[in-house]
Amino acid sequence: MIRTRTRLIVIQVLVASMLALLAVRLWQVQVVRGAEFVEAATETRTRDVVVPAVRGQILDAAGRPLVRNRTRLVVSVDRTSLNRMEGNGREVLQRLAAVLDRKPSELRMRIRACGPGVTRPCWPGSPYQPIPIDDDVTTREALQILERQEEFPGVTAEVQAVREYPGNSAGAQVLGYLQPITQEELERRDGFKAVFSGVDLVGRDGLEAVYDKELRGVPGLRRVQVDRLGKVIGVERQVQPTPGDTLITSIDAKVQALTEKALAEAMRSAPSA
């Protein structure tokens, strides 16, 4: 009987001590440090997102386009939204992969952040910018995503400008080509991170490389507000991009095509050694 009463007293003392500790802690949180926690909960930060400009055209002497832009339906993924979902958006990527006829693992690789030890495909741009994962989807595929948006949260399908070479291989060595900028170039060249969004392509060889800066234009800026969890809660500032300049060359597209055709026929008809 005495043991039982002693145990009850000990339990009562322990419970009373725990309640006292909880009360003290609650008082500290709500009264002593209340203002600090309220400020931390409502604190917002800003992140700058580079908005790429439309690249300028390259024309021949008569104004015919040697290089131009055309519109395509592009599917992009908001990685920040996906990572806040259960399983990091695994089910969304699986449904998206089925629509685009891709492997889920391929999509996951394309939206992972580039960094030390991470090779392409990966995303070198801002985590607050939609990541393009397919730049040539059909209207049917885009509608499947847009009409069932509740099944594809964080996924968008919209029209964007992409590079096109009307003459195909004609003048290819003179015109050059575009290629994604590498992570090594972003780290090595001063100022690149401030003007490249991760979506942008850089000129390689030919006129695309020589006049890359002029053709690229001036990127825009979107400054977004994010909470402590990285969720975008508003846009603080937005500056529209300036399209790139149009480059007019002394090349005659028709003469160039005829010359290359004649050269190819001459090489085919030449006797082999």
# chains A, B, ... in the order shown; residues from 1 in each chain; ligands from 1

call {"tool": "select_by_dssp", "arguments": {"residues": "region 16-205 of chain A", "states": "helix (DSSP H, G or I)", "output": "ChimeraX atom specification"}}
result
/A:16-32,34-42,79-83,86-100,104-111,139-147,149-151,172-175,183-188,192-195

call {"tool": "write_last_selection", "arguments": {"atoms": "C-alpha atoms", "output": "short mmCIF file (atom, residue, chain, number, x, y, z; two decimals), in the first residue's frame"}}
result
data_model
loop_
_atom_site.label_atom_id
_atom_site.label_comp_id
_atom_site.auth_asym_id
_atom_site.auth_seq_id
_atom_site.Cartn_x
_atom_site.Cartn_y
_atom_site.Cartn_z
CA ALA A 16 3.62 18.26 -12.68
CA SER A 17 7.29 18.87 -13.58
CA MET A 18 6.67 18.12 -17.25
CA LEU A 19 3.65 20.43 -17.34
CA ALA A 20 5.70 23.15 -15.67
CA LEU A 21 8.48 22.74 -18.24
CA LEU A 22 5.97 22.88 -21.11
CA ALA A 23 4.40 26.00 -19.62
CA VAL A 24 7.80 27.69 -19.30
CA ARG A 25 8.73 26.72 -22.86
CA LEU A 26 5.40 27.94 -24.20
CA TRP A 27 5.87 31.24 -22.39
CA GLN A 28 9.35 31.61 -23.91
CA VAL A 29 8.09 30.89 -27.42
CA GLN A 30 4.96 33.08 -27.28
CA VAL A 31 6.14 35.94 -25.08
CA VAL A 32 9.92 36.16 -24.82
CA GLY A 34 7.31 35.62 -29.98
CA ALA A 35 8.24 38.61 -32.15
CA GLU A 36 11.35 36.81 -33.41
CA PHE A 37 9.41 33.73 -34.52
CA VAL A 38 6.66 35.83 -36.15
CA GLU A 39 9.28 37.73 -38.14
CA ALA A 40 10.98 34.48 -39.19
CA ALA A 41 7.67 32.94 -40.27
CA THR A 42 6.73 35.93 -42.40
CA ARG A 79 11.25 21.76 -60.12
CA THR A 80 10.59 23.74 -56.93
CA SER A 81 6.89 22.84 -57.08
CA LEU A 82 7.71 19.19 -57.82
CA ASN A 83 10.11 18.89 -54.90
CA GLU A 86 5.01 13.79 -52.00
CA GLY A 87 7.83 11.68 -53.41
CA ASN A 88 9.33 14.79 -55.06
CA GLY A 89 6.65 14.69 -57.75
CA ARG A 90 7.45 11.13 -58.84
CA GLU A 91 3.86 10.37 -59.89
CA VAL A 92 3.61 13.62 -61.88
CA LEU A 93 6.81 12.79 -63.78
CA GLN A 94 5.54 9.29 -64.49
CA ARG A 95 2.31 10.64 -66.00
CA LEU A 96 4.26 13.26 -67.95
CA ALA A 97 6.68 10.64 -69.27
CA ALA A 98 3.74 8.58 -70.53
CA VAL A 99 2.33 11.58 -72.43
CA LEU A 100 5.69 12.52 -73.96
CA PRO A 104 10.65 8.97 -66.05
CA SER A 105 14.34 8.61 -65.20
CA GLU A 106 15.23 10.69 -68.27
CA LEU A 107 12.94 13.52 -67.16
CA ARG A 108 14.32 13.37 -63.63
CA MET A 109 17.87 13.74 -64.97
CA ARG A 110 16.93 16.75 -67.09
CA ILE A 111 15.54 18.70 -64.12
CA THR A 139 -0.55 19.96 -80.12
CA ARG A 140 -2.21 16.77 -78.91
CA GLU A 141 0.46 16.23 -76.24
CA ALA A 142 0.23 19.85 -75.09
CA LEU A 143 -3.57 19.64 -74.82
CA GLN A 144 -3.32 16.46 -72.75
CA ILE A 145 -1.29 18.42 -70.22
CA LEU A 146 -3.28 21.67 -70.30
CA GLU A 147 -6.72 20.04 -70.17
CA GLN A 149 -3.76 20.42 -65.26
CA GLU A 150 -4.83 18.90 -61.93
CA GLU A 151 -2.86 15.79 -62.90
CA ALA A 172 26.51 25.69 -92.36
CA GLN A 173 30.22 26.36 -91.84
CA VAL A 174 29.71 30.09 -92.33
CA LEU A 175 26.59 30.33 -90.17
CA GLN A 183 28.70 24.62 -66.56
CA GLU A 184 32.45 25.06 -67.00
CA GLU A 185 31.88 28.13 -69.19
CA LEU A 186 29.48 29.62 -66.66
CA GLU A 187 32.10 29.24 -63.95
CA ARG A 188 35.04 30.35 -66.11
CA PHE A 192 27.95 34.82 -67.87
CA LYS A 193 25.78 33.80 -64.94
CA ALA A 194 24.19 37.25 -64.89
CA VAL A 195 23.02 37.07 -68.52
#

call {"tool": "residues_around", "arguments": {"residues": "Ala209 (chain A)", "least_positions_apart": "2", "cutoff": "12 Å", "atoms": "only C-alpha atoms", "output": "list in words"}}
result
Gln173, Val174, Leu175, Gly176, Tyr177, Leu178, Gln179, Leu201, Val202, Gly203, Arg204, Asp205, Gly206, Leu207, Tyr211, Asp212, Lys213, Glu214, Leu215 and Arg216 of chain A

call {"tool": "residues_around", "arguments": {"residues": "Gly234 (chain A)", "least_positions_apart": "4", "cutoff": "12 Å", "atoms": "only C-alpha atoms", "output": "PyMOL selection string"}}
result
chain A and resi 44-47+128+222-227+230+238

call {"tool": "select_by_dssp", "arguments": {"residues": "region 73-164 of chain A", "states": "strand (DSSP E)", "output": "NGL selection string"}}
result
:A and (73-77 or 131-137 or 155-164)

call {"tool": "write_last_selection", "arguments": {"atoms": "N, CA, C and O atoms", "output": "compact mmCIF listing (two decimals), in the first residue's frame"}}
result
# COMPACT_ATOMS: atom_id res chain seq x y z
N LEU A 73 5.89 24.29 -79.53
CA LEU A 73 5.29 24.04 -78.23
C LEU A 73 6.35 23.40 -77.32
O LEU A 73 6.93 22.38 -77.67
N VAL A 74 6.58 24.05 -76.20
CA VAL A 74 7.62 23.60 -75.27
C VAL A 74 6.97 23.23 -73.94
O VAL A 74 6.19 24.00 -73.38
N VAL A 75 7.31 22.06 -73.43
CA VAL A 75 6.84 21.62 -72.12
C VAL A 75 7.94 21.90 -71.09
O VAL A 75 9.09 21.50 -71.29
N SER A 76 7.56 22.58 -70.01
CA SER A 76 8.51 22.92 -68.96
C SER A 76 8.00 22.44 -67.61
O SER A 76 6.80 22.28 -67.41
N VAL A 77 8.94 22.23 -66.69
CA VAL A 77 8.61 21.72 -65.36
C VAL A 77 9.16 22.67 -64.30
O VAL A 77 10.31 23.11 -64.41
N ILE A 131 11.84 24.62 -66.19
CA ILE A 131 12.90 23.92 -66.91
C ILE A 131 12.31 23.24 -68.14
O ILE A 131 11.45 22.35 -68.01
N PRO A 132 12.71 23.63 -69.35
CA PRO A 132 12.18 22.98 -70.56
C PRO A 132 12.70 21.56 -70.68
O PRO A 132 13.91 21.32 -70.60
N ILE A 133 11.81 20.60 -70.87
CA ILE A 133 12.22 19.21 -70.99
C ILE A 133 11.89 18.62 -72.36
O ILE A 133 12.37 17.56 -72.70
N ASP A 134 11.07 19.32 -73.14
CA ASP A 134 10.77 18.87 -74.51
C ASP A 134 10.39 20.09 -75.32
O ASP A 134 9.40 20.78 -75.00
N ASP A 135 11.18 20.41 -76.36
CA ASP A 135 10.94 21.64 -77.12
C ASP A 135 10.28 21.40 -78.47
O ASP A 135 10.30 22.27 -79.34
N ASP A 136 9.67 20.24 -78.64
CA ASP A 136 9.00 19.97 -79.92
C ASP A 136 7.83 19.02 -79.70
O ASP A 136 7.73 17.97 -80.35
N VAL A 137 6.92 19.39 -78.80
CA VAL A 137 5.78 18.53 -78.52
C VAL A 137 4.67 18.81 -79.53
O VAL A 137 4.61 19.89 -80.13
N VAL A 155 3.61 21.71 -64.21
CA VAL A 155 4.00 21.46 -65.60
C VAL A 155 3.26 22.44 -66.50
O VAL A 155 2.05 22.65 -66.34
N THR A 156 3.95 23.05 -67.44
CA THR A 156 3.34 23.99 -68.37
C THR A 156 3.68 23.60 -69.81
O THR A 156 4.71 22.97 -70.06
N ALA A 157 2.82 24.00 -70.72
CA ALA A 157 3.07 23.81 -72.15
C ALA A 157 2.76 25.15 -72.83
O ALA A 157 1.63 25.63 -72.77
N GLU A 158 3.76 25.76 -73.44
CA GLU A 158 3.56 27.07 -74.04
C GLU A 158 4.42 27.22 -75.29
O GLU A 158 5.35 26.44 -75.53
N VAL A 159 4.08 28.24 -76.08
CA VAL A 159 4.79 28.50 -77.32
C VAL A 159 6.06 29.30 -77.03
O VAL A 159 6.03 30.30 -76.32
N GLN A 160 7.19 28.85 -77.57
CA GLN A 160 8.46 29.55 -77.44
C GLN A 160 9.17 29.59 -78.78
O GLN A 160 8.88 28.79 -79.67
N ALA A 161 10.11 30.53 -78.91
CA ALA A 161 10.87 30.66 -80.16
C ALA A 161 12.09 29.75 -80.12
O ALA A 161 12.80 29.68 -79.12
N VAL A 162 12.31 29.03 -81.22
CA VAL A 162 13.49 28.17 -81.36
C VAL A 162 14.18 28.48 -82.69
O VAL A 162 13.56 29.01 -83.62
N ARG A 163 15.45 28.15 -82.79
CA ARG A 163 16.25 28.47 -83.97
C ARG A 163 15.93 27.55 -85.14
O ARG A 163 15.71 26.35 -84.96
N GLU A 164 15.93 28.12 -86.36
CA GLU A 164 15.67 27.35 -87.57
C GLU A 164 16.60 27.82 -88.68
O GLU A 164 16.85 29.02 -88.84

call {"tool": "residues_around", "arguments": {"residues": "Gln129 (chain A)", "least_positions_apart": "2", "cutoff": "8 Å", "atoms": "only C-alpha atoms", "output": "PyMOL selection string"}}
result
chain A and resi 49+78+125-127+131

call {"tool": "write_last_selection", "arguments": {"atoms": "N, CA, C and O atoms", "output": "PDB file, in the first residue's frame"}}
result
ATOM      1  N   VAL A  49      15.491  35.931 -61.548  1.00  0.00           N
ATOM      2  CA  VAL A  49      15.357  34.934 -62.613  1.00  0.00           C
ATOM      3  C   VAL A  49      15.603  35.633 -63.950  1.00  0.00           C
ATOM      4  O   VAL A  49      14.947  36.630 -64.268  1.00  0.00           O
ATOM      5  N   ASP A  78       8.348  22.980 -63.304  1.00  0.00           N
ATOM      6  CA  ASP A  78       8.777  23.784 -62.160  1.00  0.00           C
ATOM      7  C   ASP A  78       9.316  22.821 -61.100  1.00  0.00           C
ATOM      8  O   ASP A  78       8.557  22.180 -60.387  1.00  0.00           O
ATOM      9  N   GLY A 125      20.414  26.478 -64.806  1.00  0.00           N
ATOM     10  CA  GLY A 125      19.773  27.756 -64.515  1.00  0.00           C
ATOM     11  C   GLY A 125      19.215  27.864 -63.107  1.00  0.00           C
ATOM     12  O   GLY A 125      19.495  27.058 -62.225  1.00  0.00           O
ATOM     13  N   SER A 126      18.379  28.885 -62.912  1.00  0.00           N
ATOM     14  CA  SER A 126      17.785  29.159 -61.608  1.00  0.00           C
ATOM     15  C   SER A 126      16.742  28.097 -61.254  1.00  0.00           C
ATOM     16  O   SER A 126      15.980  27.649 -62.113  1.00  0.00           O
ATOM     17  N   PRO A 127      16.679  27.686 -59.971  1.00  0.00           N
ATOM     18  CA  PRO A 127      15.655  26.721 -59.558  1.00  0.00           C
ATOM     19  C   PRO A 127      14.255  27.307 -59.581  1.00  0.00           C
ATOM     20  O   PRO A 127      13.275  26.577 -59.467  1.00  0.00           O
ATOM     21  N   ILE A 131      11.844  24.623 -66.188  1.00  0.00           N
ATOM     22  CA  ILE A 131      12.899  23.918 -66.905  1.00  0.00           C
ATOM     23  C   ILE A 131      12.306  23.238 -68.138  1.00  0.00           C
ATOM     24  O   ILE A 131      11.455  22.354 -68.007  1.00  0.00           O
TER      25      ILE A 131
END

call {"tool": "decode", "arguments": {"residues": "region 102-231 of chain A", "atoms": "C-alpha atoms", "output": "JSON list (two decimals), in the first residue's frame"}}
result
[["chain", "number", "residue", "atom", "x", "y", "z"],
["A", 102, "ARG", "CA", 9.83, 9.30, -72.44],
["A", 103, "LYS", "CA", 11.33, 7.44, -69.50],
["A", 104, "PRO", "CA", 10.65, 8.97, -66.05],
["A", 105, "SER", "CA", 14.34, 8.61, -65.20],
["A", 106, "GLU", "CA", 15.23, 10.69, -68.27],
["A", 107, "LEU", "CA", 12.94, 13.52, -67.16],
["A", 108, "ARG", "CA", 14.32, 13.37, -63.63],
["A", 109, "MET", "CA", 17.87, 13.74, -64.97],
["A", 110, "ARG", "CA", 16.93, 16.75, -67.09],
["A", 111, "ILE", "CA", 15.54, 18.70, -64.12],
["A", 112, "ARG", "CA", 18.33, 17.94, -61.64],
["A", 113, "ALA", "CA", 20.66, 20.82, -60.82],
["A", 114, "CYS", "CA", 24.07, 20.95, -62.50],
["A", 115, "GLY", "CA", 27.03, 20.99, -60.18],
["A", 116, "PRO", "CA", 30.30, 19.29, -59.31],
["A", 117, "GLY", "CA", 30.17, 15.66, -60.42],
["A", 118, "VAL", "CA", 26.84, 16.12, -62.25],
["A", 119, "THR", "CA", 27.09, 15.71, -66.01],
["A", 120, "ARG", "CA", 24.60, 16.64, -68.72],
["A", 121, "PRO", "CA", 21.70, 16.33, -68.99],
["A", 122, "CYS", "CA", 21.08, 18.65, -66.03],
["A", 123, "TRP", "CA", 19.74, 22.16, -65.39],
["A", 124, "PRO", "CA", 22.33, 24.99, -65.05],
["A", 125, "GLY", "CA", 19.77, 27.76, -64.52],
["A", 126, "SER", "CA", 17.79, 29.16, -61.61],
["A", 127, "PRO", "CA", 15.65, 26.72, -59.56],
["A", 128, "TYR", "CA", 12.86, 29.30, -59.75],
["A", 129, "GLN", "CA", 12.68, 29.15, -63.54],
["A", 130, "PRO", "CA", 10.60, 26.55, -65.42],
["A", 131, "ILE", "CA", 12.90, 23.92, -66.91],
["A", 132, "PRO", "CA", 12.18, 22.98, -70.56],
["A", 133, "ILE", "CA", 12.22, 19.21, -70.99],
["A", 134, "ASP", "CA", 10.77, 18.87, -74.51],
["A", 135, "ASP", "CA", 10.94, 21.64, -77.12],
["A", 136, "ASP", "CA", 9.00, 19.97, -79.92],
["A", 137, "VAL", "CA", 5.78, 18.53, -78.52],
["A", 138, "THR", "CA", 2.67, 18.03, -80.62],
["A", 139, "THR", "CA", -0.55, 19.96, -80.12],
["A", 140, "ARG", "CA", -2.21, 16.77, -78.91],
["A", 141, "GLU", "CA", 0.46, 16.23, -76.24],
["A", 142, "ALA", "CA", 0.23, 19.85, -75.09],
["A", 143, "LEU", "CA", -3.57, 19.64, -74.82],
["A", 144, "GLN", "CA", -3.32, 16.46, -72.75],
["A", 145, "ILE", "CA", -1.29, 18.42, -70.22],
["A", 146, "LEU", "CA", -3.28, 21.67, -70.30],
["A", 147, "GLU", "CA", -6.72, 20.04, -70.17],
["A", 148, "ARG", "CA", -5.75, 17.84, -67.20],
["A", 149, "GLN", "CA", -3.76, 20.42, -65.26],
["A", 150, "GLU", "CA", -4.83, 18.90, -61.93],
["A", 151, "GLU", "CA", -2.86, 15.79, -62.90],
["A", 152, "PHE", "CA", 0.19, 17.82, -63.96],
["A", 153, "PRO", "CA", 0.81, 20.45, -61.25],
["A", 154, "GLY", "CA", 4.02, 22.36, -61.87],
["A", 155, "VAL", "CA", 4.00, 21.46, -65.60],
["A", 156, "THR", "CA", 3.34, 23.99, -68.37],
["A", 157, "ALA", "CA", 3.07, 23.81, -72.15],
["A", 158, "GLU", "CA", 3.56, 27.07, -74.04],
["A", 159, "VAL", "CA", 4.79, 28.50, -77.32],
["A", 160, "GLN", "CA", 8.46, 29.55, -77.44],
["A", 161, "ALA", "CA", 10.87, 30.66, -80.16],
["A", 162, "VAL", "CA", 13.49, 28.17, -81.36],
["A", 163, "ARG", "CA", 16.25, 28.47, -83.97],
["A", 164, "GLU", "CA", 15.67, 27.35, -87.57],
["A", 165, "TYR", "CA", 18.01, 27.15, -90.58],
["A", 166, "PRO", "CA", 15.83, 27.34, -93.77],
["A", 167, "GLY", "CA", 18.69, 26.28, -96.05],
["A", 168, "ASN", "CA", 19.45, 23.21, -93.93],
["A", 169, "SER", "CA", 23.15, 22.50, -94.48],
["A", 170, "ALA", "CA", 23.68, 25.34, -96.99],
["A", 171, "GLY", "CA", 26.33, 27.69, -95.59],
["A", 172, "ALA", "CA", 26.51, 25.69, -92.36],
["A", 173, "GLN", "CA", 30.22, 26.36, -91.84],
["A", 174, "VAL", "CA", 29.71, 30.09, -92.33],
["A", 175, "LEU", "CA", 26.59, 30.33, -90.17],
["A", 176, "GLY", "CA", 27.68, 28.09, -87.33],
["A", 177, "TYR", "CA", 25.25, 26.59, -84.84],
["A", 178, "LEU", "CA", 23.94, 26.93, -81.29],
["A", 179, "GLN", "CA", 24.64, 24.75, -78.29],
["A", 180, "PRO", "CA", 23.78, 24.90, -74.58],
["A", 181, "ILE", "CA", 26.39, 26.71, -72.53],
["A", 182, "THR", "CA", 28.38, 24.36, -70.33],
["A", 183, "GLN", "CA", 28.70, 24.62, -66.56],
["A", 184, "GLU", "CA", 32.45, 25.06, -67.00],
["A", 185, "GLU", "CA", 31.88, 28.13, -69.19],
["A", 186, "LEU", "CA", 29.48, 29.62, -66.66],
["A", 187, "GLU", "CA", 32.10, 29.24, -63.95],
["A", 188, "ARG", "CA", 35.04, 30.35, -66.11],
["A", 189, "ARG", "CA", 33.70, 33.44, -67.89],
["A", 190, "ASP", "CA", 32.93, 36.48, -65.77],
["A", 191, "GLY", "CA", 29.42, 37.87, -66.11],
["A", 192, "PHE", "CA", 27.95, 34.82, -67.87],
["A", 193, "LYS", "CA", 25.78, 33.80, -64.94],
["A", 194, "ALA", "CA", 24.19, 37.25, -64.89],
["A", 195, "VAL", "CA", 23.02, 37.07, -68.52],
["A", 196, "PHE", "CA", 22.37, 33.35, -69.08],
["A", 197, "SER", "CA", 19.24, 31.67, -67.82],
["A", 198, "GLY", "CA", 20.00, 28.02, -68.47],
["A", 199, "VAL", "CA", 17.50, 28.11, -71.35],
["A", 200, "ASP", "CA", 19.82, 30.18, -73.51],
["A", 201, "LEU", "CA", 22.06, 28.73, -76.19],
["A", 202, "VAL", "CA", 25.47, 30.11, -77.12],
["A", 203, "GLY", "CA", 26.87, 30.47, -80.64],
["A", 204, "ARG", "CA", 29.39, 27.88, -81.78],
["A", 205, "ASP", "CA", 31.51, 28.57, -84.88],
["A", 206, "GLY", "CA", 30.67, 30.88, -87.78],
["A", 207, "LEU", "CA", 28.52, 33.97, -87.56],
["A", 208, "GLU", "CA", 26.51, 32.59, -84.63],
["A", 209, "ALA", "CA", 29.69, 32.64, -82.54],
["A", 210, "VAL", "CA", 31.32, 35.82, -83.89],
["A", 211, "TYR", "CA", 28.18, 37.94, -83.39],
["A", 212, "ASP", "CA", 26.83, 35.97, -80.44],
["A", 213, "LYS", "CA", 26.54, 38.98, -78.13],
["A", 214, "GLU", "CA", 24.67, 41.12, -80.69],
["A", 215, "LEU", "CA", 22.36, 38.30, -81.78],
["A", 216, "ARG", "CA", 21.59, 37.25, -78.22],
["A", 217, "GLY", "CA", 20.08, 40.60, -77.23],
["A", 218, "VAL", "CA", 19.60, 41.80, -73.67],
["A", 219, "PRO", "CA", 17.93, 39.40, -71.26],
["A", 220, "GLY", "CA", 15.09, 40.52, -69.04],
["A", 221, "LEU", "CA", 14.76, 40.10, -65.31],
["A", 222, "ARG", "CA", 12.03, 38.80, -63.04],
["A", 223, "ARG", "CA", 12.63, 39.29, -59.32],
["A", 224, "VAL", "CA", 10.43, 36.93, -57.35],
["A", 225, "GLN", "CA", 9.66, 36.80, -53.65],
["A", 226, "VAL", "CA", 10.03, 33.42, -51.97],
["A", 227, "ASP", "CA", 9.28, 32.26, -48.46],
["A", 228, "ARG", "CA", 11.61, 30.29, -46.20],
["A", 229, "LEU", "CA", 10.60, 27.05, -47.93],
["A", 230, "GLY", "CA", 11.51, 28.41, -51.37],
["A", 231, "LYS", "CA", 7.91, 28.80, -52.53]]
